[in-house]
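Read the structure below first, then the notes.
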Amino acid sequence: MERRRNDRRLHATERLTTRLLLRVSAWAIGLVIFGSIVTFYVVYQNAKHQFISDLNRDVAQKIERNQRFFERIEAFGDVLAERFVQRYEFYNDTNSRRYQQAVDAFDAWYEETSPGVLRLPVTFHSGTTIDNTRFEYLSAFVGPRPNPITPELKLRSTVALSILNELGPAWQHVVTNTHFSMPENILMLYSPDQPWGLLADKDLVITNYSVVKSTLQSENPERKPNWTGLYYDITAGYWTITYQRPIDYAGKHLANASFDVGISQLLADLTQRQRPDAEHFVLNSQGQLISATNIAFDLVQEQALLTPETYPDPAFLSINAKILSGELSANTSTLDDFFEDHVVTFQRIDNPNWWYVTIYPKLNIQREAAVLPVRLIVGGVALVLLVLMVVYLLVRRDVSKPLTEMAYVASMMDARNYKDVLAGNTLKGKLKGEVRYALNAFVTMAKRFIKAQEQLEEKVNQRTRELARANKMLEALANMDGLTGLLNRRAFDRDLAQALQSDSEPSILVLGDLDSFKAYNDNYGHEAGDQALQKIAQYLMNACEQNSVYRYGGEELAIILPQRILAAQPNYIDNLRSGIAHLGIEHNYSASGIGALSISFGVAPIKSGQLASDVIRTADTQLYLAKRRGGNRTVMEELSLKE
Ligand SMILES: Nc1nc2c(ncn2[C@@H]2O[C@H](COP(=O)(O)OP(=O)(O)OP(=O)(O)O)[C@@H](O)[C@H]2O)c(=O)[nH]1
């Protein structure tokens with residue numbers, strides 16, 4: 001019961017161990033969260049850098065892949081140029097027959113469709129066989145020019161046409177059109193789609209257009225091939241870009257090997273989402289938008305290249321401004337704060353000198369970065385809770401329970417239940433360490449207390465006994481006459497009152513008075529009187545039961561006797577009287593005349609319910625009678641011993 005009360009008193013939240021565990025938990029979880037926040041920050045930074053480097057790598061791979069496409073076209077251009085030069089060299093021998101045949105072929109194949117303008121007949125496109133040579137998908141436009149057509153130019157044109165006829169079909173699945181152009185305003189092409197040479201305006205001067213113009217020696221002194229003229233071919237329904245490779249021979253610009261290349265697939269590949277939520281933009285070096293992930297196809301189709309005026313999209317406007325600002329010096333730039341909540345990368349595609357821009361929400365990176373810290377928090381908190389649970393169980397077993405046990409033992413000590421402390425320490429065997437020491441100390445203390453208590457009790461008992469003895473002695477002294485050693489008047493009154501009780505044994509009262517004691521004192525001295533009194537008292541004490549003889553006052557004595565004594569010895573009282581007379585205490589002046597000190601007795605029965613004064617008066621009356629009759633005699637009221 002006591003133990004349960006103690007347990008109840010200590011509410012779980014008040015227990016030291018619970019509070020300790022709560023504090024440790026709070027600290028541990030705080031540390032886990034702090035660690036996770038730090039981890040999140042570090043991981044986020046790493047994840048961001050990792051993401052950007054992954055993105056750059058992926059895009060670089062994509063660009064490289066597409067770059068290879070462009071390089072492949074450029075390789076085609078080299079093949080075309082090489083073949084042209086070889087064949088031109090071979091045919092350009094004015095004395096040879098083949099030279100003349102080539103020149104003649106020009107005259108035979110071309111027809112003047114308007115003054116100064118020559119074109120190949122439509123059969124070269126639809127299909128014709130001339131001198132065992134099959135011509136198909138070819139067309140040519142020899143436009144107005146200031147100088148007349150020379151045989152050499154004719155040779156060049158025939159050579160170019162024959163090469164187109166040979167190689168054009170080989171590349172038709174890679175390029176849209178394969179063509180040769182010449183600075184003398186001549187353009188011939190292999191195109192399965194349309195006979196462009198027949199459709200060109202008769203006044204067209206191809207060198208006026210940047211595509212061909214950029215190949216002229218005056219415009220391009222370094223003689224670099226280039227990619228120009230990106231446009232949307234409405235008829236064909238796809239994006240087209242033209243590759244131009246100038247072909248010089250002996251310092252003279254003879255022709256350009258060129259291709260129109262459909263790059264819709266390429267742009268679709270570029271703008272396809274690299275990752276969910278990523279936005280890609282392809283812009284040319286002038287900041288015009290070529291393609292973007294989320295752009296409406298119709299819009300591009302209508303506008304061809306989009307400008308800030310025709311496409312005022314906020315993201316595009318910002319990107320456009322950035323590119324035009326010239327701040328992007330490196331081939332790859334990553335801007336963390338360019339857009340709020342987004343990371344932006346700018347990557348240059350060398351050929352055809354485009355910008356590839358990716359916008360990616362930071363939130364995705366943060367989300368990715370948060371995975372590890374969240375796992376750390378969850379795992380950390382779970383681990384902490386697990387450890388705390390184990391610690392709790394261990395602390396409960398090894399600390400809390402022993403402490404409770406100790407508190408219980410302490411409370412028993414407080415309640416002075418030392419024996420329970422000795423008997424009740426049931427956990428003693430299981431306790432260890434400090435608690436064990438403390439409990440042992442309690443047990444030792446309890447043993448000492450018990451011993452001290454026992455010693456104290458023994459001492460108290462001893463003192464109590466001594467006190468009782470002293471009290472008894474005091475009481476005896478209080479009831480004793482100092483001279484004679486008899487019981488005094490106080491004891492007489494007490495015992496007489498007791499004898500008058502209804503339940504007391506029937507008794508009788510004897511009053512005695514020394515005869516002529518005044519005369520004794522007068523003649524023998526008061527001291528002799530005292531000695532005589534002591535002698536008589538001693539005699540009576542020996543003869544009677546000690547406790548029933550009293551000094552009633554002066555020389556008067558009293559005896560309270562059970563009636564049964566008289567029933568057994570009817571002369572018991574008178575024998576006492578004669579015994580005194582026979583003590584032989586000389587008294588030659590006594591009225592009794594026996595020459596010795598004598599006593600007279602007056603006897604009265606003690607009747608229950610009587611007043612003490614009545615009993616005394618009756619006895620006194622008898623004593624008076626005994627005196628009147630000469631003393632040294634016993635006068636009894638008539639006794640009915642049956643009473
Ligand atoms: N020595 C001595 N004398 C005592 C003591 N107490 C009383 N007396 C004396 O006892 C005497 C009693 O005298 P009385 O009353 O005249 O009686 P009596 O002389 O004995 O005469 P009767 O009683 O008639 O025989 C007195 O003289 C008292 O002084 C005592 O303690 N010592």
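Please note that chains go A, B, ... in the order of the structure tokens, that every chain numbers its residues from 1, and that ligands are numbered from 1 in the order shown.
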Helix (DSSP H, G or I) residues, from DSSP on the backbone, in range 58-265 of chain A, as a PDB file with N, CA and C atoms, in the first residue's frame:
ATOM      1  N   ASP A  58      24.741  17.340 -70.477  1.00  0.00           N
ATOM      2  CA  ASP A  58      23.707  16.783 -71.356  1.00  0.00           C
ATOM      3  C   ASP A  58      23.518  17.651 -72.591  1.00  0.00           C
ATOM      4  N   VAL A  59      23.442  18.969 -72.314  1.00  0.00           N
ATOM      5  CA  VAL A  59      23.228  19.882 -73.439  1.00  0.00           C
ATOM      6  C   VAL A  59      24.446  19.864 -74.362  1.00  0.00           C
ATOM      7  N   ALA A  60      25.623  19.800 -73.719  1.00  0.00           N
ATOM      8  CA  ALA A  60      26.836  19.761 -74.547  1.00  0.00           C
ATOM      9  C   ALA A  60      26.821  18.523 -75.436  1.00  0.00           C
ATOM     10  N   GLN A  61      26.349  17.404 -74.855  1.00  0.00           N
ATOM     11  CA  GLN A  61      26.259  16.178 -75.659  1.00  0.00           C
ATOM     12  C   GLN A  61      25.254  16.345 -76.793  1.00  0.00           C
ATOM     13  N   LYS A  62      24.148  16.975 -76.422  1.00  0.00           N
ATOM     14  CA  LYS A  62      23.106  17.175 -77.434  1.00  0.00           C
ATOM     15  C   LYS A  62      23.622  18.088 -78.547  1.00  0.00           C
ATOM     16  N   ILE A  63      24.300  19.158 -78.097  1.00  0.00           N
ATOM     17  CA  ILE A  63      24.829  20.098 -79.079  1.00  0.00           C
ATOM     18  C   ILE A  63      25.891  19.402 -79.929  1.00  0.00           C
ATOM     19  N   GLU A  64      26.684  18.602 -79.258  1.00  0.00           N
ATOM     20  CA  GLU A  64      27.740  17.896 -79.997  1.00  0.00           C
ATOM     21  C   GLU A  64      27.130  16.969 -81.041  1.00  0.00           C
ATOM     22  N   ARG A  65      26.031  16.325 -80.584  1.00  0.00           N
ATOM     23  CA  ARG A  65      25.343  15.414 -81.510  1.00  0.00           C
ATOM     24  C   ARG A  65      24.855  16.177 -82.731  1.00  0.00           C
ATOM     25  N   ASN A  66      24.256  17.333 -82.446  1.00  0.00           N
ATOM     26  CA  ASN A  66      23.741  18.144 -83.547  1.00  0.00           C
ATOM     27  C   ASN A  66      24.888  18.791 -84.321  1.00  0.00           C
ATOM     28  N   GLN A  67      25.937  19.079 -83.556  1.00  0.00           N
ATOM     29  CA  GLN A  67      27.120  19.644 -84.208  1.00  0.00           C
ATOM     30  C   GLN A  67      27.655  18.650 -85.243  1.00  0.00           C
ATOM     31  N   ARG A  68      27.593  17.388 -84.855  1.00  0.00           N
ATOM     32  CA  ARG A  68      28.081  16.354 -85.792  1.00  0.00           C
ATOM     33  C   ARG A  68      27.247  16.332 -87.072  1.00  0.00           C
ATOM     34  N   PHE A  69      25.952  16.630 -86.872  1.00  0.00           N
ATOM     35  CA  PHE A  69      25.081  16.699 -88.047  1.00  0.00           C
ATOM     36  C   PHE A  69      25.582  17.791 -88.994  1.00  0.00           C
ATOM     37  N   PHE A  70      25.868  18.947 -88.371  1.00  0.00           N
ATOM     38  CA  PHE A  70      26.355  20.058 -89.198  1.00  0.00           C
ATOM     39  C   PHE A  70      27.706  19.702 -89.825  1.00  0.00           C
ATOM     40  N   GLU A  71      28.544  19.032 -89.035  1.00  0.00           N
ATOM     41  CA  GLU A  71      29.865  18.662 -89.566  1.00  0.00           C
ATOM     42  C   GLU A  71      29.738  17.676 -90.738  1.00  0.00           C
ATOM     43  N   ARG A  72      28.702  16.844 -90.585  1.00  0.00           N
ATOM     44  CA  ARG A  72      28.490  15.871 -91.669  1.00  0.00           C
ATOM     45  C   ARG A  72      28.147  16.612 -92.966  1.00  0.00           C
ATOM     46  N   ILE A  73      27.294  17.619 -92.817  1.00  0.00           N
ATOM     47  CA  ILE A  73      26.927  18.415 -93.998  1.00  0.00           C
ATOM     48  C   ILE A  73      28.174  19.107 -94.557  1.00  0.00           C
ATOM     49  N   GLU A  74      28.975  19.609 -93.617  1.00  0.00           N
ATOM     50  CA  GLU A  74      30.193  20.289 -94.054  1.00  0.00           C
ATOM     51  C   GLU A  74      31.116  19.316 -94.796  1.00  0.00           C
ATOM     52  N   ALA A  75      31.115  18.048 -94.335  1.00  0.00           N
ATOM     53  CA  ALA A  75      31.919  17.032 -95.025  1.00  0.00           C
ATOM     54  C   ALA A  75      31.370  16.791 -96.437  1.00  0.00           C
ATOM     55  N   PHE A  76      30.031  16.805 -96.524  1.00  0.00           N
ATOM     56  CA  PHE A  76      29.426  16.680 -97.862  1.00  0.00           C
ATOM     57  C   PHE A  76      29.930  17.809 -98.762  1.00  0.00           C
ATOM     58  N   GLY A  77      29.961  18.997 -98.165  1.00  0.00           N
ATOM     59  CA  GLY A  77      30.406  20.182 -98.931  1.00  0.00           C
ATOM     60  C   GLY A  77      31.828  19.985 -99.431  1.00  0.00           C
ATOM     61  N   ASP A  78      32.662  19.388 -98.549  1.00  0.00           N
ATOM     62  CA  ASP A  78      34.054  19.142 -98.956  1.00  0.00           C
ATOM     63  C   ASP A  78      34.110  18.159-100.130  1.00  0.00           C
ATOM     64  N   VAL A  79      33.283  17.135-100.018  1.00  0.00           N
ATOM     65  CA  VAL A  79      33.258  16.133-101.099  1.00  0.00           C
ATOM     66  C   VAL A  79      32.832  16.791-102.413  1.00  0.00           C
ATOM     67  N   LEU A  80      31.789  17.601-102.262  1.00  0.00           N
ATOM     68  CA  LEU A  80      31.254  18.272-103.449  1.00  0.00           C
ATOM     69  C   LEU A  80      32.297  19.188-104.071  1.00  0.00           C
ATOM     70  N   ALA A  81      32.970  19.944-103.222  1.00  0.00           N
ATOM     71  CA  ALA A  81      33.970  20.899-103.706  1.00  0.00           C
ATOM     72  C   ALA A  81      35.151  20.165-104.341  1.00  0.00           C
ATOM     73  N   GLU A  82      35.564  19.118-103.681  1.00  0.00           N
ATOM     74  CA  GLU A  82      36.710  18.346-104.174  1.00  0.00           C
ATOM     75  C   GLU A  82      36.402  17.749-105.549  1.00  0.00           C
ATOM     76  N   ARG A  83      35.199  17.151-105.606  1.00  0.00           N
ATOM     77  CA  ARG A  83      34.807  16.530-106.877  1.00  0.00           C
ATOM     78  C   ARG A  83      34.748  17.592-107.989  1.00  0.00           C
ATOM     79  N   PHE A  84      34.220  18.763-107.594  1.00  0.00           N
ATOM     80  CA  PHE A  84      34.093  19.829-108.587  1.00  0.00           C
ATOM     81  C   PHE A  84      35.460  20.238-109.113  1.00  0.00           C
ATOM     82  N   VAL A  85      36.391  20.430-108.191  1.00  0.00           N
ATOM     83  CA  VAL A  85      37.724  20.878-108.605  1.00  0.00           C
ATOM     84  C   VAL A  85      38.392  19.820-109.491  1.00  0.00           C
ATOM     85  N   GLN A  86      38.291  18.565-109.077  1.00  0.00           N
ATOM     86  CA  GLN A  86      38.892  17.471-109.864  1.00  0.00           C
ATOM     87  C   GLN A  86      38.348  17.480-111.299  1.00  0.00           C
ATOM     88  N   ARG A  87      36.992  17.531-111.322  1.00  0.00           N
ATOM     89  CA  ARG A  87      36.386  17.418-112.650  1.00  0.00           C
ATOM     90  C   ARG A  87      36.632  18.669-113.499  1.00  0.00           C
ATOM     91  N   TYR A  88      36.637  19.778-112.800  1.00  0.00           N
ATOM     92  CA  TYR A  88      36.906  21.032-113.525  1.00  0.00           C
ATOM     93  C   TYR A  88      38.303  20.987-114.131  1.00  0.00           C
ATOM     94  N   GLU A  89      39.260  20.540-113.326  1.00  0.00           N
ATOM     95  CA  GLU A  89      40.643  20.420-113.824  1.00  0.00           C
ATOM     96  C   GLU A  89      40.700  19.491-115.032  1.00  0.00           C
ATOM     97  N   PHE A  90      39.947  18.378-114.872  1.00  0.00           N
ATOM     98  CA  PHE A  90      39.971  17.363-115.914  1.00  0.00           C
ATOM     99  C   PHE A  90      39.396  17.903-117.231  1.00  0.00           C
ATOM    100  N   TYR A  91      38.327  18.640-117.117  1.00  0.00           N
ATOM    101  CA  TYR A  91      37.649  19.119-118.330  1.00  0.00           C
ATOM    102  C   TYR A  91      38.245  20.413-118.875  1.00  0.00           C
ATOM    103  N   ARG A  97      38.811  17.297-126.398  1.00  0.00           N
ATOM    104  CA  ARG A  97      37.479  17.068-126.961  1.00  0.00           C
ATOM    105  C   ARG A  97      36.416  17.188-125.874  1.00  0.00           C
ATOM    106  N   ARG A  98      36.784  16.681-124.705  1.00  0.00           N
ATOM    107  CA  ARG A  98      35.813  16.711-123.618  1.00  0.00           C
ATOM    108  C   ARG A  98      35.463  18.134-123.211  1.00  0.00           C
ATOM    109  N   TYR A  99      36.444  19.026-123.323  1.00  0.00           N
ATOM    110  CA  TYR A  99      36.178  20.436-123.025  1.00  0.00           C
ATOM    111  C   TYR A  99      35.062  20.936-123.936  1.00  0.00           C
ATOM    112  N   GLN A 100      35.256  20.653-125.192  1.00  0.00           N
ATOM    113  CA  GLN A 100      34.289  21.137-126.177  1.00  0.00           C
ATOM    114  C   GLN A 100      32.924  20.499-125.961  1.00  0.00           C
ATOM    115  N   GLN A 101      32.968  19.198-125.628  1.00  0.00           N
ATOM    116  CA  GLN A 101      31.699  18.490-125.382  1.00  0.00           C
ATOM    117  C   GLN A 101      30.943  19.126-124.223  1.00  0.00           C
ATOM    118  N   ALA A 102      31.685  19.490-123.187  1.00  0.00           N
ATOM    119  CA  ALA A 102      31.049  20.096-122.011  1.00  0.00           C
ATOM    120  C   ALA A 102      30.442  21.450-122.357  1.00  0.00           C
ATOM    121  N   VAL A 103      31.199  22.222-123.134  1.00  0.00           N
ATOM    122  CA  VAL A 103      30.696  23.546-123.526  1.00  0.00           C
ATOM    123  C   VAL A 103      29.467  23.385-124.407  1.00  0.00           C
ATOM    124  N   ASP A 104      29.571  22.419-125.312  1.00  0.00           N
ATOM    125  CA  ASP A 104      28.450  22.190-126.214  1.00  0.00           C
ATOM    126  C   ASP A 104      27.211  21.717-125.455  1.00  0.00           C
ATOM    127  N   ALA A 105      27.461  20.899-124.463  1.00  0.00           N
ATOM    128  CA  ALA A 105      26.327  20.393-123.681  1.00  0.00           C
ATOM    129  C   ALA A 105      25.555  21.552-123.067  1.00  0.00           C
ATOM    130  N   PHE A 106      26.305  22.548-122.569  1.00  0.00           N
ATOM    131  CA  PHE A 106      25.632  23.719-121.978  1.00  0.00           C
ATOM    132  C   PHE A 106      24.668  24.334-122.987  1.00  0.00           C
ATOM    133  N   ASP A 107      25.222  24.535-124.206  1.00  0.00           N
ATOM    134  CA  ASP A 107      24.405  25.169-125.226  1.00  0.00           C
ATOM    135  C   ASP A 107      23.213  24.297-125.578  1.00  0.00           C
ATOM    136  N   ALA A 108      23.446  22.980-125.542  1.00  0.00           N
ATOM    137  CA  ALA A 108      22.375  22.070-125.937  1.00  0.00           C
ATOM    138  C   ALA A 108      21.283  21.986-124.867  1.00  0.00           C
ATOM    139  N   TRP A 109      21.705  22.022-123.604  1.00  0.00           N
ATOM    140  CA  TRP A 109      20.724  21.764-122.533  1.00  0.00           C
ATOM    141  C   TRP A 109      19.931  23.012-122.106  1.00  0.00           C
ATOM    142  N   THR A 123      12.253  18.973-118.160  1.00  0.00           N
ATOM    143  CA  THR A 123      12.524  17.527-118.242  1.00  0.00           C
ATOM    144  C   THR A 123      13.724  17.130-117.373  1.00  0.00           C
ATOM    145  N   PHE A 124      14.625  18.099-117.123  1.00  0.00           N
ATOM    146  CA  PHE A 124      15.752  17.778-116.231  1.00  0.00           C
ATOM    147  C   PHE A 124      15.276  17.529-114.796  1.00  0.00           C
ATOM    148  N   HIS A 125      14.101  18.082-114.516  1.00  0.00           N
ATOM    149  CA  HIS A 125      13.563  17.844-113.159  1.00  0.00           C
ATOM    150  C   HIS A 125      12.640  16.631-113.139  1.00  0.00           C
ATOM    151  N   SER A 126      11.826  16.573-114.186  1.00  0.00           N
ATOM    152  CA  SER A 126      10.868  15.471-114.197  1.00  0.00           C
ATOM    153  C   SER A 126      11.514  14.161-114.630  1.00  0.00           C
ATOM    154  N   PRO A 151      32.902  30.362-122.479  1.00  0.00           N
ATOM    155  CA  PRO A 151      32.962  28.884-122.545  1.00  0.00           C
ATOM    156  C   PRO A 151      33.394  28.285-121.209  1.00  0.00           C
ATOM    157  N   GLU A 152      34.288  28.967-120.600  1.00  0.00           N
ATOM    158  CA  GLU A 152      34.748  28.429-119.276  1.00  0.00           C
ATOM    159  C   GLU A 152      33.586  28.358-118.297  1.00  0.00           C
ATOM    160  N   LEU A 153      32.740  29.399-118.328  1.00  0.00           N
ATOM    161  CA  LEU A 153      31.585  29.403-117.418  1.00  0.00           C
ATOM    162  C   LEU A 153      30.616  28.277-117.790  1.00  0.00           C
ATOM    163  N   LYS A 154      30.496  28.093-119.077  1.00  0.00           N
ATOM    164  CA  LYS A 154      29.624  27.007-119.538  1.00  0.00           C
ATOM    165  C   LYS A 154      30.173  25.658-119.049  1.00  0.00           C
ATOM    166  N   LEU A 155      31.531  25.522-119.201  1.00  0.00           N
ATOM    167  CA  LEU A 155      32.170  24.289-118.737  1.00  0.00           C
ATOM    168  C   LEU A 155      31.893  24.071-117.240  1.00  0.00           C
ATOM    169  N   ARG A 156      32.098  25.145-116.520  1.00  0.00           N
ATOM    170  CA  ARG A 156      31.885  25.076-115.067  1.00  0.00           C
ATOM    171  C   ARG A 156      30.449  24.622-114.754  1.00  0.00           C
ATOM    172  N   SER A 157      29.523  25.207-115.481  1.00  0.00           N
ATOM    173  CA  SER A 157      28.119  24.904-115.217  1.00  0.00           C
ATOM    174  C   SER A 157      27.817  23.454-115.541  1.00  0.00           C
ATOM    175  N   THR A 158      28.374  22.993-116.661  1.00  0.00           N
ATOM    176  CA  THR A 158      28.112  21.607-117.054  1.00  0.00           C
ATOM    177  C   THR A 158      28.732  20.642-116.035  1.00  0.00           C
ATOM    178  N   VAL A 159      29.973  20.973-115.619  1.00  0.00           N
ATOM    179  CA  VAL A 159      30.635  20.135-114.610  1.00  0.00           C
ATOM    180  C   VAL A 159      29.775  20.094-113.325  1.00  0.00           C
ATOM    181  N   ALA A 160      29.356  21.279-112.903  1.00  0.00           N
ATOM    182  CA  ALA A 160      28.572  21.359-111.663  1.00  0.00           C
ATOM    183  C   ALA A 160      27.284  20.557-111.795  1.00  0.00           C
ATOM    184  N   LEU A 161      26.620  20.687-112.954  1.00  0.00           N
ATOM    185  CA  LEU A 161      25.349  19.994-113.140  1.00  0.00           C
ATOM    186  C   LEU A 161      25.555  18.474-113.113  1.00  0.00           C
ATOM    187  N   SER A 162      26.639  18.035-113.766  1.00  0.00           N
ATOM    188  CA  SER A 162      26.873  16.583-113.804  1.00  0.00           C
ATOM    189  C   SER A 162      27.178  16.044-112.397  1.00  0.00           C
ATOM    190  N   ILE A 163      27.887  16.831-111.625  1.00  0.00           N
ATOM    191  CA  ILE A 163      28.185  16.374-110.250  1.00  0.00           C
ATOM    192  C   ILE A 163      26.903  16.336-109.410  1.00  0.00           C
ATOM    193  N   LEU A 164      26.081  17.369-109.585  1.00  0.00           N
ATOM    194  CA  LEU A 164      24.799  17.377-108.852  1.00  0.00           C
ATOM    195  C   LEU A 164      23.981  16.149-109.225  1.00  0.00           C
ATOM    196  N   ASN A 165      24.016  15.831-110.518  1.00  0.00           N
ATOM    197  CA  ASN A 165      23.235  14.692-110.992  1.00  0.00           C
ATOM    198  C   ASN A 165      23.759  13.374-110.396  1.00  0.00           C
ATOM    199  N   GLU A 166      25.066  13.360-110.161  1.00  0.00           N
ATOM    200  CA  GLU A 166      25.665  12.138-109.613  1.00  0.00           C
ATOM    201  C   GLU A 166      25.462  12.024-108.083  1.00  0.00           C
ATOM    202  N   LEU A 167      25.789  13.136-107.400  1.00  0.00           N
ATOM    203  CA  LEU A 167      25.827  13.049-105.924  1.00  0.00           C
ATOM    204  C   LEU A 167      24.521  13.474-105.235  1.00  0.00           C
ATOM    205  N   GLY A 168      23.737  14.287-105.930  1.00  0.00           N
ATOM    206  CA  GLY A 168      22.488  14.772-105.310  1.00  0.00           C
ATOM    207  C   GLY A 168      21.635  13.643-104.734  1.00  0.00           C
ATOM    208  N   PRO A 169      21.387  12.582-105.539  1.00  0.00           N
ATOM    209  CA  PRO A 169      20.530  11.499-105.006  1.00  0.00           C
ATOM    210  C   PRO A 169      21.120  10.831-103.757  1.00  0.00           C
ATOM    211  N   ALA A 170      22.455  10.831-103.679  1.00  0.00           N
ATOM    212  CA  ALA A 170      23.079  10.153-102.519  1.00  0.00           C
ATOM    213  C   ALA A 170      22.741  10.844-101.204  1.00  0.00           C
ATOM    214  N   TRP A 171      22.495  12.143-101.254  1.00  0.00           N
ATOM    215  CA  TRP A 171      22.306  12.907-100.003  1.00  0.00           C
ATOM    216  C   TRP A 171      20.868  13.377 -99.785  1.00  0.00           C
ATOM    217  N   TRP A 196      13.419  24.667-108.629  1.00  0.00           N
ATOM    218  CA  TRP A 196      13.587  26.079-108.231  1.00  0.00           C
ATOM    219  C   TRP A 196      14.120  26.929-109.385  1.00  0.00           C
ATOM    220  N   GLY A 197      14.989  26.315-110.234  1.00  0.00           N
ATOM    221  CA  GLY A 197      15.587  27.062-111.346  1.00  0.00           C
ATOM    222  C   GLY A 197      14.541  27.592-112.319  1.00  0.00           C
ATOM    223  N   LEU A 198      13.430  26.888-112.411  1.00  0.00           N
ATOM    224  CA  LEU A 198      12.362  27.334-113.303  1.00  0.00           C
ATOM    225  C   LEU A 198      11.492  28.379-112.628  1.00  0.00           C
ATOM    226  N   LEU A 199      11.495  28.381-111.306  1.00  0.00           N
ATOM    227  CA  LEU A 199      10.587  29.267-110.579  1.00  0.00           C
ATOM    228  C   LEU A 199      11.216  30.614-110.234  1.00  0.00           C
ATOM    229  N   ILE A 206      21.362  36.552-107.592  1.00  0.00           N
ATOM    230  CA  ILE A 206      21.539  35.776-106.348  1.00  0.00           C
ATOM    231  C   ILE A 206      22.615  36.362-105.451  1.00  0.00           C
ATOM    232  N   THR A 207      23.556  37.026-106.024  1.00  0.00           N
ATOM    233  CA  THR A 207      24.632  37.595-105.192  1.00  0.00           C
ATOM    234  C   THR A 207      24.163  38.789-104.374  1.00  0.00           C
ATOM    235  N   ASN A 208      22.958  39.247-104.691  1.00  0.00           N
ATOM    236  CA  ASN A 208      22.429  40.334-103.856  1.00  0.00           C
ATOM    237  C   ASN A 208      21.975  39.808-102.491  1.00  0.00           C
ATOM    238  N   SER A 210      22.251  37.613 -99.068  1.00  0.00           N
ATOM    239  CA  SER A 210      23.356  37.354 -98.134  1.00  0.00           C
ATOM    240  C   SER A 210      23.906  35.943 -98.256  1.00  0.00           C
ATOM    241  N   VAL A 211      23.021  35.035 -98.601  1.00  0.00           N
ATOM    242  CA  VAL A 211      23.446  33.630 -98.638  1.00  0.00           C
ATOM    243  C   VAL A 211      24.618  33.450 -99.604  1.00  0.00           C
ATOM    244  N   VAL A 212      24.459  33.966-100.793  1.00  0.00           N
ATOM    245  CA  VAL A 212      25.528  33.801-101.793  1.00  0.00           C
ATOM    246  C   VAL A 212      26.565  34.911-101.652  1.00  0.00           C
ATOM    247  N   LYS A 213      26.041  36.055-101.265  1.00  0.00           N
ATOM    248  CA  LYS A 213      26.932  37.208-101.147  1.00  0.00           C
ATOM    249  C   LYS A 213      28.065  36.928-100.159  1.00  0.00           C
ATOM    250  N   SER A 264      14.248  20.965 -88.954  1.00  0.00           N
ATOM    251  CA  SER A 264      13.108  20.881 -88.025  1.00  0.00           C
ATOM    252  C   SER A 264      13.341  19.813 -86.969  1.00  0.00           C
ATOM    253  N   GLN A 265      13.832  18.664 -87.440  1.00  0.00           N
ATOM    254  CA  GLN A 265      14.072  17.561 -86.516  1.00  0.00           C
ATOM    255  C   GLN A 265      15.130  17.954 -85.487  1.00  0.00           C
TER     256      GLN A 265
END
Per-residue DSSP, range 239-405 of chain A, filtered to strand (DSSP E), as a PyMOL selection string: chain A and resi 239-249+252-262+279-284+289-292+332-339+342-349+354-361
Would you work out the distance separating CA of Phe141 in chain A from CA of Pro352 in chain A, expressed in Å to one decimal? 27.3 Å
Tell me, counting only C-alpha atoms, for each residue of range 259-349 of chain A within 10 Å of range 219-227 of chain A, which pair of atoms is nearest and how far apart they are in Å to one decimal, in rows ordered by chain and increasing number, as a Markdown table.
| residue | atom | partner | partner_atom | distance |
| --- | --- | --- | --- | --- |
| A:Phe259 | CA | A:Trp227 | CA | 9.6 |
| A:Asp260 | CA | A:Trp227 | CA | 9.7 |
| A:Val261 | CA | A:Trp227 | CA | 9.9 |
With N, CA, C and O atoms kept, could you save the residues just selected as a tab-separated table (two decimals), in the first residue's frame?
chain	number	residue	atom	x	y	z
A	259	PHE	N	24.19	23.48	-99.60
A	259	PHE	CA	23.04	22.61	-99.30
A	259	PHE	C	21.99	23.42	-98.56
A	259	PHE	O	22.32	24.26	-97.73
A	260	ASP	N	20.76	23.10	-98.88
A	260	ASP	CA	19.70	23.53	-97.96
A	260	ASP	C	19.45	22.34	-97.05
A	260	ASP	O	19.29	21.21	-97.51
A	261	VAL	N	19.43	22.63	-95.79
A	261	VAL	CA	19.29	21.54	-94.82
A	261	VAL	C	18.03	21.76	-93.98
A	261	VAL	O	17.86	22.84	-93.40
Within 10 Å of Tyr572 in chain A using only C-alpha atoms, minus same-chain residues under 5 positions, as a ChimeraX atom specification: /A:543-544,565-567,577
How would the residues just picked look written out with N, CA and C atoms as a CSV table (one decimal), in the first residue's frame?
chain,number,residue,atom,x,y,z
A,543,ALA,N,2.6,-9.1,65.5
A,543,ALA,CA,1.5,-10.0,65.8
A,543,ALA,C,0.4,-10.0,64.7
A,544,CYS,N,0.2,-8.8,64.1
A,544,CYS,CA,-0.9,-8.7,63.1
A,544,CYS,C,-0.2,-8.6,61.7
A,565,ILE,N,-10.8,-13.5,61.0
A,565,ILE,CA,-9.8,-13.8,62.0
A,565,ILE,C,-10.4,-14.0,63.4
A,566,LEU,N,-11.4,-13.2,63.6
A,566,LEU,CA,-12.1,-13.4,64.9
A,566,LEU,C,-12.9,-14.6,65.0
A,567,ALA,N,-13.5,-15.0,63.7
A,567,ALA,CA,-14.3,-16.2,63.7
A,567,ALA,C,-13.4,-17.4,64.0
A,577,ARG,N,-4.0,-7.4,73.4
A,577,ARG,CA,-4.0,-6.6,74.6
A,577,ARG,C,-3.0,-7.2,75.6
